[in-house]
Amino acid sequence: PHLVGLPALIIDGRPVEYDRTMKTVSLPDRIATAALALMLVLPFANPIHTAPIPSFYSEWLAAALALAVIAATLAATILRKTSLAVPSIAALPLLLAATTLAHALAGHAAHPRQAMLVAAYMLLAAAMMIAGRSMATSMPFEQRAPLLARYLMAGSLLQCLVLALQTTGIGVPWLVFLPAPGAAATGSLGQANHLADYLWLGIVSAIYLMARRGRVSLAGCVPVLVIAVSSTFPASRSVMLYPLALALLALLAWHTGRAALWRHVTLIVIGMLPLMLAVNSMSPAAGSAAKTASTPSLSERLAATGSDGIRTSLYQVAFEKALERPLVGHGVGAAPWATFQRADTWPRNTRPAIAENIHNVGLQWLLEYGVPLAALALALVLGW
C-alpha cells in the first residue's frame, strides 16, 4: 500500500465485535481518533519531503501520527482494563521484520541501515494493525468511519486546489510548489500514481457518505466530480481503473438492497469516464501551461500504442534473480543491484532502470526473501 497512514484501518476479515458496555468515549480514544483523522490529511498536504525519509510524501509525519495513535490506543486499553486485540494479519509484518533483522545480522542485506529501516516499518505496521483492531473493538467502526471519510474527502479536495494552482502556474511559498520544467503537476505528493490513489480514496469517501444518507444528492456529487476530473491532470493511467472497479462494486451492492441508491451510484461512476477524458482533453492543463513534450496528457497516454516494457523487464529480472537463490533470496535492498546487473537485457529503445523496487510485492518478496518466505507471506494474506 502506498499510504502509510492506512494500516490502522486493517482489521480481521471477520466482523468485529465491540464492547457495548462502554457508555462514554475516553480521552485516549478521542486522541487516537483525532490522530488517525489527521494522518489521512497532513502527511499528504505537506509539500516539503525531508529526511529521514525524503520520498513521495511526509512519511516522518505519518509515522509520528501513527505513534500517537498507538500510544493513545494503548492508554485507552489500560484504562478499560482490557487486553489488546491482535488481528491474525499482524503476523505478516512481524514475520517480515524478523526475517529482515536476521538478514541484517547475518550480513545478507545489501545495506544494513536500510534493513533496519524496513524492519522498523514492519514493526510500525504491526503495531498499527493491533491499534486499529483495538479501536474497532472499543467503538463500532460506523461511528468513526464518517469522520475518517470526511477527512479523506477534505484532503483530496485540498489536493485538487493545489493541482489547480500548479497547472495555472501559481505557487505559494511553503505550501504550493510548482513542478519542475517538463514535469507533471502532482499536488503536494511527489508522484502521479500516489496522487491518483489518494484522490480516489476521497471519491470513495464521498460516495460512502452519500450511501450512509441513503440517497444521491447534488451536494454529494459535486466533490465526486471535482476530484474525478482533477485526478486526470497528473496523467496517471491508473485513474481509468478506479471508476471501473467502483462501478463493479456498486453493481454488486445493487443486489444487496437499496437498489435505487446503488443504481444511481453506478450511473454516476460510469459517467465519470467520458467526462474525465473530455475535460482533460479540453482543459488548459493539457496545454502549454502544464505540460511539455515530455509530459503527455492522460488522453495522449491512453491513445499511445505499445509499451516501454520496463515493468515487464523488472518482473523478469526479479524472477530470474530469485531462481539463483530460491531458499533465502538476495536480501533486503537487492533490487537496484539486480536490475543494474541485467541492464544489457532491457528492451530496445528504452532507458535501463536501476529500480529501488520491483513494483510488485509478490516478486519483491521472492527476490529479497526467497520462495519459502514469499509463499508463507502470500498465504497469510490470502488466509486473512
# chains A, B, ... in the order shown; residues from 1 in each chain; ligands from 1
>>> residues_around(residues="segment 323-336 of chain A", least_positions_apart="4", cutoff="10 Å", atoms="only C-alpha atoms", output="PyMOL selection string")
chain A and resi 99-104+107-112+114-116+118-119+314+317-319+340-341+353-358+364-374
>>> atom_distance(atom1="atom CA of Leu117 of chain A", atom2="atom CA of Tyr57 of chain A")
16.6 Å
>>> residues_around(residues="segment 192-198 of chain A", least_positions_apart="6", cutoff="7 Å", atoms="only C-alpha atoms", output="VMD selection string")
chain A and resid 2 156 186 231 234 236 238 to 239
>>> atom_distance(atom1="atom CA of Ala154 of chain A", atom2="atom CA of Ala219 of chain A")
13.9 Å
>>> atom_distance(atom1="atom CA of Tyr208 of chain A", atom2="atom CA of Ser134 of chain A")
23.1 Å
>>> closest_residue(among="A:Gln166, A:Ala90, A:Asp344, A:Ser138", to="Leu380 of chain A", atoms="only C-alpha atoms")
A:Ala90
>>> residues_around(residues="Ala127 of chain A", least_positions_apart="2", cutoff="12 Å", atoms="only C-alpha atoms", output="ChimeraX atom specification")
/A:7-11,63,66-71,73-74,84-87,89-94,120-125,129-134
>>> residues_around(residues="Leu275 of chain A", least_positions_apart="2", cutoff="12 Å", atoms="only C-alpha atoms", output="list in words")
Leu225, Val226, Ile227, Ala228, Val229, Ser230, Ser231, Thr232, Met240, Pro243, Ile268, Val269, Ile270, Gly271, Met272, Leu273, Leu277, Ala278, Val279, Asn280, Ser281, Met282, Ser283 and Ser299 of chain A
>>> write_last_selection(atoms="N, CA and C atoms", output="PDB file, in the first residue's frame")
ATOM      1  N   LEU A 225     -17.294  14.657  -8.610  1.00  0.00           N
ATOM      2  CA  LEU A 225     -16.933  15.060  -9.967  1.00  0.00           C
ATOM      3  C   LEU A 225     -15.705  15.953  -9.987  1.00  0.00           C
ATOM      4  N   VAL A 226     -15.579  16.852  -9.017  1.00  0.00           N
ATOM      5  CA  VAL A 226     -14.412  17.733  -8.955  1.00  0.00           C
ATOM      6  C   VAL A 226     -13.134  16.920  -8.785  1.00  0.00           C
ATOM      7  N   ILE A 227     -13.160  15.974  -7.862  1.00  0.00           N
ATOM      8  CA  ILE A 227     -11.969  15.155  -7.618  1.00  0.00           C
ATOM      9  C   ILE A 227     -11.678  14.260  -8.813  1.00  0.00           C
ATOM     10  N   ALA A 228     -12.726  13.688  -9.417  1.00  0.00           N
ATOM     11  CA  ALA A 228     -12.517  12.790 -10.550  1.00  0.00           C
ATOM     12  C   ALA A 228     -11.861  13.517 -11.720  1.00  0.00           C
ATOM     13  N   VAL A 229     -12.345  14.704 -12.039  1.00  0.00           N
ATOM     14  CA  VAL A 229     -11.761  15.477 -13.141  1.00  0.00           C
ATOM     15  C   VAL A 229     -10.336  15.889 -12.803  1.00  0.00           C
ATOM     16  N   SER A 230     -10.106  16.331 -11.575  1.00  0.00           N
ATOM     17  CA  SER A 230      -8.759  16.754 -11.174  1.00  0.00           C
ATOM     18  C   SER A 230      -7.766  15.606 -11.222  1.00  0.00           C
ATOM     19  N   SER A 231      -8.248  14.384 -10.978  1.00  0.00           N
ATOM     20  CA  SER A 231      -7.336  13.238 -10.939  1.00  0.00           C
ATOM     21  C   SER A 231      -6.733  12.923 -12.301  1.00  0.00           C
ATOM     22  N   THR A 232      -7.272  13.501 -13.378  1.00  0.00           N
ATOM     23  CA  THR A 232      -6.730  13.221 -14.711  1.00  0.00           C
ATOM     24  C   THR A 232      -5.514  14.090 -15.033  1.00  0.00           C
ATOM     25  N   MET A 240      -8.129   5.398 -14.782  1.00  0.00           N
ATOM     26  CA  MET A 240      -9.132   4.744 -15.611  1.00  0.00           C
ATOM     27  C   MET A 240      -9.627   3.438 -14.980  1.00  0.00           C
ATOM     28  N   PRO A 243     -12.770   4.043 -11.634  1.00  0.00           N
ATOM     29  CA  PRO A 243     -14.225   4.073 -11.870  1.00  0.00           C
ATOM     30  C   PRO A 243     -14.796   2.726 -12.298  1.00  0.00           C
ATOM     31  N   ILE A 268     -23.457   7.220 -12.012  1.00  0.00           N
ATOM     32  CA  ILE A 268     -22.521   8.328 -11.786  1.00  0.00           C
ATOM     33  C   ILE A 268     -21.096   7.892 -12.065  1.00  0.00           C
ATOM     34  N   VAL A 269     -20.738   6.724 -11.535  1.00  0.00           N
ATOM     35  CA  VAL A 269     -19.356   6.255 -11.683  1.00  0.00           C
ATOM     36  C   VAL A 269     -19.039   5.963 -13.145  1.00  0.00           C
ATOM     37  N   ILE A 270     -19.957   5.308 -13.846  1.00  0.00           N
ATOM     38  CA  ILE A 270     -19.731   5.013 -15.260  1.00  0.00           C
ATOM     39  C   ILE A 270     -19.665   6.298 -16.081  1.00  0.00           C
ATOM     40  N   GLY A 271     -20.493   7.279 -15.710  1.00  0.00           N
ATOM     41  CA  GLY A 271     -20.484   8.548 -16.421  1.00  0.00           C
ATOM     42  C   GLY A 271     -19.228   9.355 -16.221  1.00  0.00           C
ATOM     43  N   MET A 272     -18.457   9.019 -15.195  1.00  0.00           N
ATOM     44  CA  MET A 272     -17.218   9.748 -14.936  1.00  0.00           C
ATOM     45  C   MET A 272     -16.211   9.579 -16.065  1.00  0.00           C
ATOM     46  N   LEU A 273     -16.138   8.381 -16.642  1.00  0.00           N
ATOM     47  CA  LEU A 273     -15.078   8.084 -17.608  1.00  0.00           C
ATOM     48  C   LEU A 273     -15.073   9.047 -18.796  1.00  0.00           C
ATOM     49  N   LEU A 277     -12.214  12.210 -19.472  1.00  0.00           N
ATOM     50  CA  LEU A 277     -11.418  12.309 -20.694  1.00  0.00           C
ATOM     51  C   LEU A 277     -11.739  13.587 -21.467  1.00  0.00           C
ATOM     52  N   ALA A 278     -13.030  13.949 -21.512  1.00  0.00           N
ATOM     53  CA  ALA A 278     -13.412  15.149 -22.254  1.00  0.00           C
ATOM     54  C   ALA A 278     -12.837  16.402 -21.620  1.00  0.00           C
ATOM     55  N   VAL A 279     -12.977  16.526 -20.313  1.00  0.00           N
ATOM     56  CA  VAL A 279     -12.463  17.713 -19.633  1.00  0.00           C
ATOM     57  C   VAL A 279     -10.946  17.762 -19.711  1.00  0.00           C
ATOM     58  N   ASN A 280     -10.299  16.606 -19.577  1.00  0.00           N
ATOM     59  CA  ASN A 280      -8.844  16.575 -19.652  1.00  0.00           C
ATOM     60  C   ASN A 280      -8.345  17.001 -21.029  1.00  0.00           C
ATOM     61  N   SER A 281      -9.082  16.629 -22.077  1.00  0.00           N
ATOM     62  CA  SER A 281      -8.664  16.983 -23.427  1.00  0.00           C
ATOM     63  C   SER A 281      -8.849  18.466 -23.708  1.00  0.00           C
ATOM     64  N   MET A 282      -9.925  19.061 -23.157  1.00  0.00           N
ATOM     65  CA  MET A 282     -10.237  20.457 -23.443  1.00  0.00           C
ATOM     66  C   MET A 282      -9.623  21.430 -22.460  1.00  0.00           C
ATOM     67  N   SER A 283      -9.135  20.928 -21.311  1.00  0.00           N
ATOM     68  CA  SER A 283      -8.657  21.810 -20.255  1.00  0.00           C
ATOM     69  C   SER A 283      -7.366  22.501 -20.649  1.00  0.00           C
ATOM     70  N   SER A 299      -5.091  11.804 -21.977  1.00  0.00           N
ATOM     71  CA  SER A 299      -5.670  11.364 -23.245  1.00  0.00           C
ATOM     72  C   SER A 299      -4.600  10.882 -24.209  1.00  0.00           C
TER      73      SER A 299
END
>>> residues_around(residues="Ala35 of chain A", least_positions_apart="3", cutoff="6 Å", atoms="only C-alpha atoms", output="ChimeraX atom specification")
/A:32,38,65,69
>>> residues_around(residues="Leu261 of chain A", least_positions_apart="3", cutoff="12 Å", atoms="only C-alpha atoms", output="mmCIF file with all heavy atoms, in the first residue's frame")
data_model
loop_
_atom_site.group_PDB
_atom_site.id
_atom_site.type_symbol
_atom_site.label_atom_id
_atom_site.label_comp_id
_atom_site.auth_asym_id
_atom_site.auth_seq_id
_atom_site.Cartn_x
_atom_site.Cartn_y
_atom_site.Cartn_z
ATOM 1 N N ILE A 207 -18.648 8.984 -1.808
ATOM 2 C CA ILE A 207 -19.732 8.048 -2.145
ATOM 3 C C ILE A 207 -20.219 7.333 -0.883
ATOM 4 O O ILE A 207 -21.422 7.111 -0.695
ATOM 5 C CB ILE A 207 -19.250 7.044 -3.206
ATOM 6 C CG1 ILE A 207 -19.003 7.762 -4.534
ATOM 7 C CG2 ILE A 207 -20.263 5.917 -3.394
ATOM 8 C CD1 ILE A 207 -18.418 6.876 -5.614
ATOM 9 N N TYR A 208 -19.294 6.969 -0.003
ATOM 10 C CA TYR A 208 -19.676 6.315 1.250
ATOM 11 C C TYR A 208 -20.590 7.220 2.080
ATOM 12 O O TYR A 208 -21.601 6.763 2.639
ATOM 13 C CB TYR A 208 -18.426 5.956 2.047
ATOM 14 C CG TYR A 208 -18.696 5.568 3.482
ATOM 15 C CD1 TYR A 208 -19.234 4.332 3.800
ATOM 16 C CD2 TYR A 208 -18.435 6.456 4.524
ATOM 17 C CE1 TYR A 208 -19.505 3.981 5.110
ATOM 18 C CE2 TYR A 208 -18.693 6.118 5.832
ATOM 19 C CZ TYR A 208 -19.232 4.882 6.125
ATOM 20 O OH TYR A 208 -19.500 4.547 7.419
ATOM 21 N N MET A 210 -22.558 9.592 0.992
ATOM 22 C CA MET A 210 -23.882 9.625 0.362
ATOM 23 C C MET A 210 -24.657 8.343 0.659
ATOM 24 O O MET A 210 -25.867 8.380 0.930
ATOM 25 C CB MET A 210 -23.729 9.815 -1.152
ATOM 26 C CG MET A 210 -23.481 11.245 -1.582
ATOM 27 S SD MET A 210 -23.793 11.519 -3.364
ATOM 28 C CE MET A 210 -22.508 10.511 -4.084
ATOM 29 N N ALA A 211 -23.974 7.201 0.602
ATOM 30 C CA ALA A 211 -24.646 5.920 0.842
ATOM 31 C C ALA A 211 -25.176 5.842 2.270
ATOM 32 O O ALA A 211 -26.237 5.257 2.507
ATOM 33 C CB ALA A 211 -23.679 4.773 0.558
ATOM 34 N N ARG A 212 -24.452 6.436 3.213
ATOM 35 C CA ARG A 212 -24.935 6.435 4.603
ATOM 36 C C ARG A 212 -26.244 7.198 4.723
ATOM 37 O O ARG A 212 -27.111 6.844 5.533
ATOM 38 C CB ARG A 212 -23.889 7.057 5.530
ATOM 39 C CG ARG A 212 -22.785 6.107 5.955
ATOM 40 C CD ARG A 212 -21.840 6.806 6.912
ATOM 41 N NE ARG A 212 -22.530 7.273 8.108
ATOM 42 C CZ ARG A 212 -22.697 6.549 9.206
ATOM 43 N NH1 ARG A 212 -22.246 5.305 9.257
ATOM 44 N NH2 ARG A 212 -23.309 7.052 10.257
ATOM 45 N N ARG A 213 -26.376 8.271 3.930
ATOM 46 C CA ARG A 213 -27.621 9.050 3.965
ATOM 47 C C ARG A 213 -28.734 8.363 3.183
ATOM 48 O O ARG A 213 -29.896 8.780 3.267
ATOM 49 C CB ARG A 213 -27.371 10.458 3.414
ATOM 50 C CG ARG A 213 -26.481 11.307 4.310
ATOM 51 C CD ARG A 213 -26.476 12.755 3.862
ATOM 52 N NE ARG A 213 -25.800 12.930 2.584
ATOM 53 C CZ ARG A 213 -24.520 13.211 2.448
ATOM 54 N NH1 ARG A 213 -23.751 13.334 3.527
ATOM 55 N NH2 ARG A 213 -23.989 13.369 1.254
ATOM 56 N N GLY A 214 -28.381 7.350 2.393
ATOM 57 C CA GLY A 214 -29.385 6.574 1.686
ATOM 58 C C GLY A 214 -29.879 7.171 0.400
ATOM 59 O O GLY A 214 -30.825 6.664 -0.201
ATOM 60 N N ARG A 215 -29.235 8.241 -0.093
ATOM 61 C CA ARG A 215 -29.678 8.837 -1.350
ATOM 62 C C ARG A 215 -28.520 9.592 -1.981
ATOM 63 O O ARG A 215 -27.587 10.027 -1.304
ATOM 64 C CB ARG A 215 -30.849 9.790 -1.119
ATOM 65 C CG ARG A 215 -30.521 10.968 -0.203
ATOM 66 C CD ARG A 215 -31.755 11.808 0.085
ATOM 67 N NE ARG A 215 -31.449 12.906 0.998
ATOM 68 C CZ ARG A 215 -30.990 14.092 0.599
ATOM 69 N NH1 ARG A 215 -30.797 14.316 -0.688
ATOM 70 N NH2 ARG A 215 -30.738 15.039 1.477
ATOM 71 N N VAL A 216 -28.597 9.743 -3.291
ATOM 72 C CA VAL A 216 -27.611 10.510 -4.043
ATOM 73 C C VAL A 216 -28.088 11.958 -4.119
ATOM 74 O O VAL A 216 -29.245 12.218 -4.470
ATOM 75 C CB VAL A 216 -27.433 9.932 -5.465
ATOM 76 C CG1 VAL A 216 -26.540 10.829 -6.306
ATOM 77 C CG2 VAL A 216 -26.853 8.529 -5.386
ATOM 78 N N SER A 217 -27.210 12.881 -3.761
ATOM 79 C CA SER A 217 -27.577 14.296 -3.743
ATOM 80 C C SER A 217 -26.591 15.104 -4.575
ATOM 81 O O SER A 217 -25.468 14.672 -4.835
ATOM 82 C CB SER A 217 -27.589 14.832 -2.309
ATOM 83 O OG SER A 217 -26.287 14.767 -1.747
ATOM 84 N N ALA A 250 -20.453 -1.216 -7.066
ATOM 85 C CA ALA A 250 -21.815 -0.690 -6.955
ATOM 86 C C ALA A 250 -22.828 -1.677 -7.530
ATOM 87 O O ALA A 250 -23.931 -1.843 -6.986
ATOM 88 C CB ALA A 250 -21.902 0.654 -7.670
ATOM 89 N N LEU A 251 -22.460 -2.343 -8.626
ATOM 90 C CA LEU A 251 -23.354 -3.348 -9.209
ATOM 91 C C LEU A 251 -23.559 -4.511 -8.246
ATOM 92 O O LEU A 251 -24.669 -5.053 -8.119
ATOM 93 C CB LEU A 251 -22.791 -3.841 -10.536
ATOM 94 C CG LEU A 251 -22.917 -2.875 -11.723
ATOM 95 C CD1 LEU A 251 -22.138 -3.405 -12.915
ATOM 96 C CD2 LEU A 251 -24.388 -2.666 -12.089
ATOM 97 N N ALA A 253 -23.320 -4.305 -4.970
ATOM 98 C CA ALA A 253 -24.134 -3.805 -3.856
ATOM 99 C C ALA A 253 -25.588 -3.623 -4.265
ATOM 100 O O ALA A 253 -26.493 -3.654 -3.416
ATOM 101 C CB ALA A 253 -23.558 -2.475 -3.365
ATOM 102 N N TRP A 254 -25.833 -3.434 -5.551
ATOM 103 C CA TRP A 254 -27.172 -3.255 -6.088
ATOM 104 C C TRP A 254 -28.098 -4.397 -5.662
ATOM 105 O O TRP A 254 -29.280 -4.204 -5.371
ATOM 106 C CB TRP A 254 -27.075 -3.177 -7.603
ATOM 107 C CG TRP A 254 -28.292 -2.736 -8.335
ATOM 108 C CD1 TRP A 254 -29.597 -2.808 -7.927
ATOM 109 C CD2 TRP A 254 -28.325 -2.133 -9.636
ATOM 110 N NE1 TRP A 254 -30.438 -2.308 -8.889
ATOM 111 C CE2 TRP A 254 -29.690 -1.881 -9.954
ATOM 112 C CE3 TRP A 254 -27.349 -1.812 -10.563
ATOM 113 C CZ2 TRP A 254 -30.073 -1.315 -11.158
ATOM 114 C CZ3 TRP A 254 -27.732 -1.243 -11.760
ATOM 115 C CH2 TRP A 254 -29.069 -0.991 -12.048
ATOM 116 N N HIS A 255 -27.554 -5.586 -5.591
ATOM 117 C CA HIS A 255 -28.359 -6.775 -5.306
ATOM 118 C C HIS A 255 -28.470 -7.063 -3.808
ATOM 119 O O HIS A 255 -29.091 -8.041 -3.416
ATOM 120 C CB HIS A 255 -27.759 -7.986 -6.011
ATOM 121 C CG HIS A 255 -27.711 -7.841 -7.508
ATOM 122 N ND1 HIS A 255 -28.830 -7.900 -8.302
ATOM 123 C CD2 HIS A 255 -26.667 -7.609 -8.352
ATOM 124 C CE1 HIS A 255 -28.499 -7.730 -9.566
ATOM 125 N NE2 HIS A 255 -27.189 -7.548 -9.632
ATOM 126 N N THR A 256 -27.856 -6.215 -2.984
ATOM 127 C CA THR A 256 -27.920 -6.433 -1.544
ATOM 128 C C THR A 256 -28.985 -5.581 -0.874
ATOM 129 O O THR A 256 -29.215 -5.700 0.323
ATOM 130 C CB THR A 256 -26.556 -6.122 -0.898
ATOM 131 O OG1 THR A 256 -26.258 -4.722 -1.080
ATOM 132 C CG2 THR A 256 -25.452 -6.952 -1.525
ATOM 133 N N GLY A 257 -29.632 -4.714 -1.629
ATOM 134 C CA GLY A 257 -30.648 -3.830 -1.070
ATOM 135 C C GLY A 257 -30.431 -2.400 -1.515
ATOM 136 O O GLY A 257 -29.385 -2.047 -2.040
ATOM 137 N N ARG A 258 -31.439 -1.557 -1.288
ATOM 138 C CA ARG A 258 -31.407 -0.146 -1.682
ATOM 139 C C ARG A 258 -31.011 -0.011 -3.148
ATOM 140 O O ARG A 258 -30.063 0.685 -3.501
ATOM 141 C CB ARG A 258 -30.470 0.661 -0.789
ATOM 142 C CG ARG A 258 -30.928 0.717 0.662
ATOM 143 C CD ARG A 258 -30.213 1.764 1.451
ATOM 144 N NE ARG A 258 -28.807 1.440 1.623
ATOM 145 C CZ ARG A 258 -27.948 2.211 2.297
ATOM 146 N NH1 ARG A 258 -28.367 3.354 2.823
ATOM 147 N NH2 ARG A 258 -26.696 1.860 2.422
ATOM 148 N N HIS A 264 -28.090 4.599 -8.973
ATOM 149 C CA HIS A 264 -27.622 5.956 -9.222
ATOM 150 C C HIS A 264 -26.110 6.060 -9.093
ATOM 151 O O HIS A 264 -25.452 6.738 -9.899
ATOM 152 C CB HIS A 264 -28.305 6.922 -8.242
ATOM 153 C CG HIS A 264 -29.778 7.048 -8.452
ATOM 154 N ND1 HIS A 264 -30.651 7.434 -7.457
ATOM 155 C CD2 HIS A 264 -30.547 6.810 -9.546
ATOM 156 C CE1 HIS A 264 -31.878 7.449 -7.932
ATOM 157 N NE2 HIS A 264 -31.849 7.069 -9.191
ATOM 158 N N VAL A 265 -25.561 5.397 -8.081
ATOM 159 C CA VAL A 265 -24.101 5.419 -7.898
ATOM 160 C C VAL A 265 -23.412 4.793 -9.106
ATOM 161 O O VAL A 265 -22.407 5.311 -9.606
ATOM 162 C CB VAL A 265 -23.703 4.686 -6.600
ATOM 163 C CG1 VAL A 265 -22.183 4.502 -6.534
ATOM 164 C CG2 VAL A 265 -24.186 5.462 -5.377
ATOM 165 N N THR A 266 -23.948 3.677 -9.600
ATOM 166 C CA THR A 266 -23.363 3.015 -10.769
ATOM 167 C C THR A 266 -23.364 3.940 -11.981
ATOM 168 O O THR A 266 -22.363 4.070 -12.695
ATOM 169 C CB THR A 266 -24.135 1.730 -11.098
ATOM 170 O OG1 THR A 266 -24.146 0.869 -9.958
ATOM 171 C CG2 THR A 266 -23.484 1.004 -12.273
ATOM 172 N N LEU A 267 -24.488 4.618 -12.218
ATOM 173 C CA LEU A 267 -24.577 5.529 -13.358
ATOM 174 C C LEU A 267 -23.602 6.690 -13.217
ATOM 175 O O LEU A 267 -22.969 7.115 -14.195
ATOM 176 C CB LEU A 267 -26.012 6.047 -13.492
ATOM 177 C CG LEU A 267 -27.065 5.001 -13.882
ATOM 178 C CD1 LEU A 267 -28.461 5.613 -13.845
ATOM 179 C CD2 LEU A 267 -26.758 4.422 -15.256
ATOM 180 N N ILE A 268 -23.457 7.220 -12.012
ATOM 181 C CA ILE A 268 -22.521 8.328 -11.786
ATOM 182 C C ILE A 268 -21.096 7.892 -12.065
ATOM 183 O O ILE A 268 -20.325 8.572 -12.757
ATOM 184 C CB ILE A 268 -22.662 8.856 -10.350
ATOM 185 C CG1 ILE A 268 -24.010 9.555 -10.163
ATOM 186 C CG2 ILE A 268 -21.522 9.816 -10.014
ATOM 187 C CD1 ILE A 268 -24.305 9.906 -8.727
#
>>> select_by_dssp(residues="segment 145-182 of chain A", states="alpha helix (DSSP H)", output="NGL selection string")
:A and (145-167)
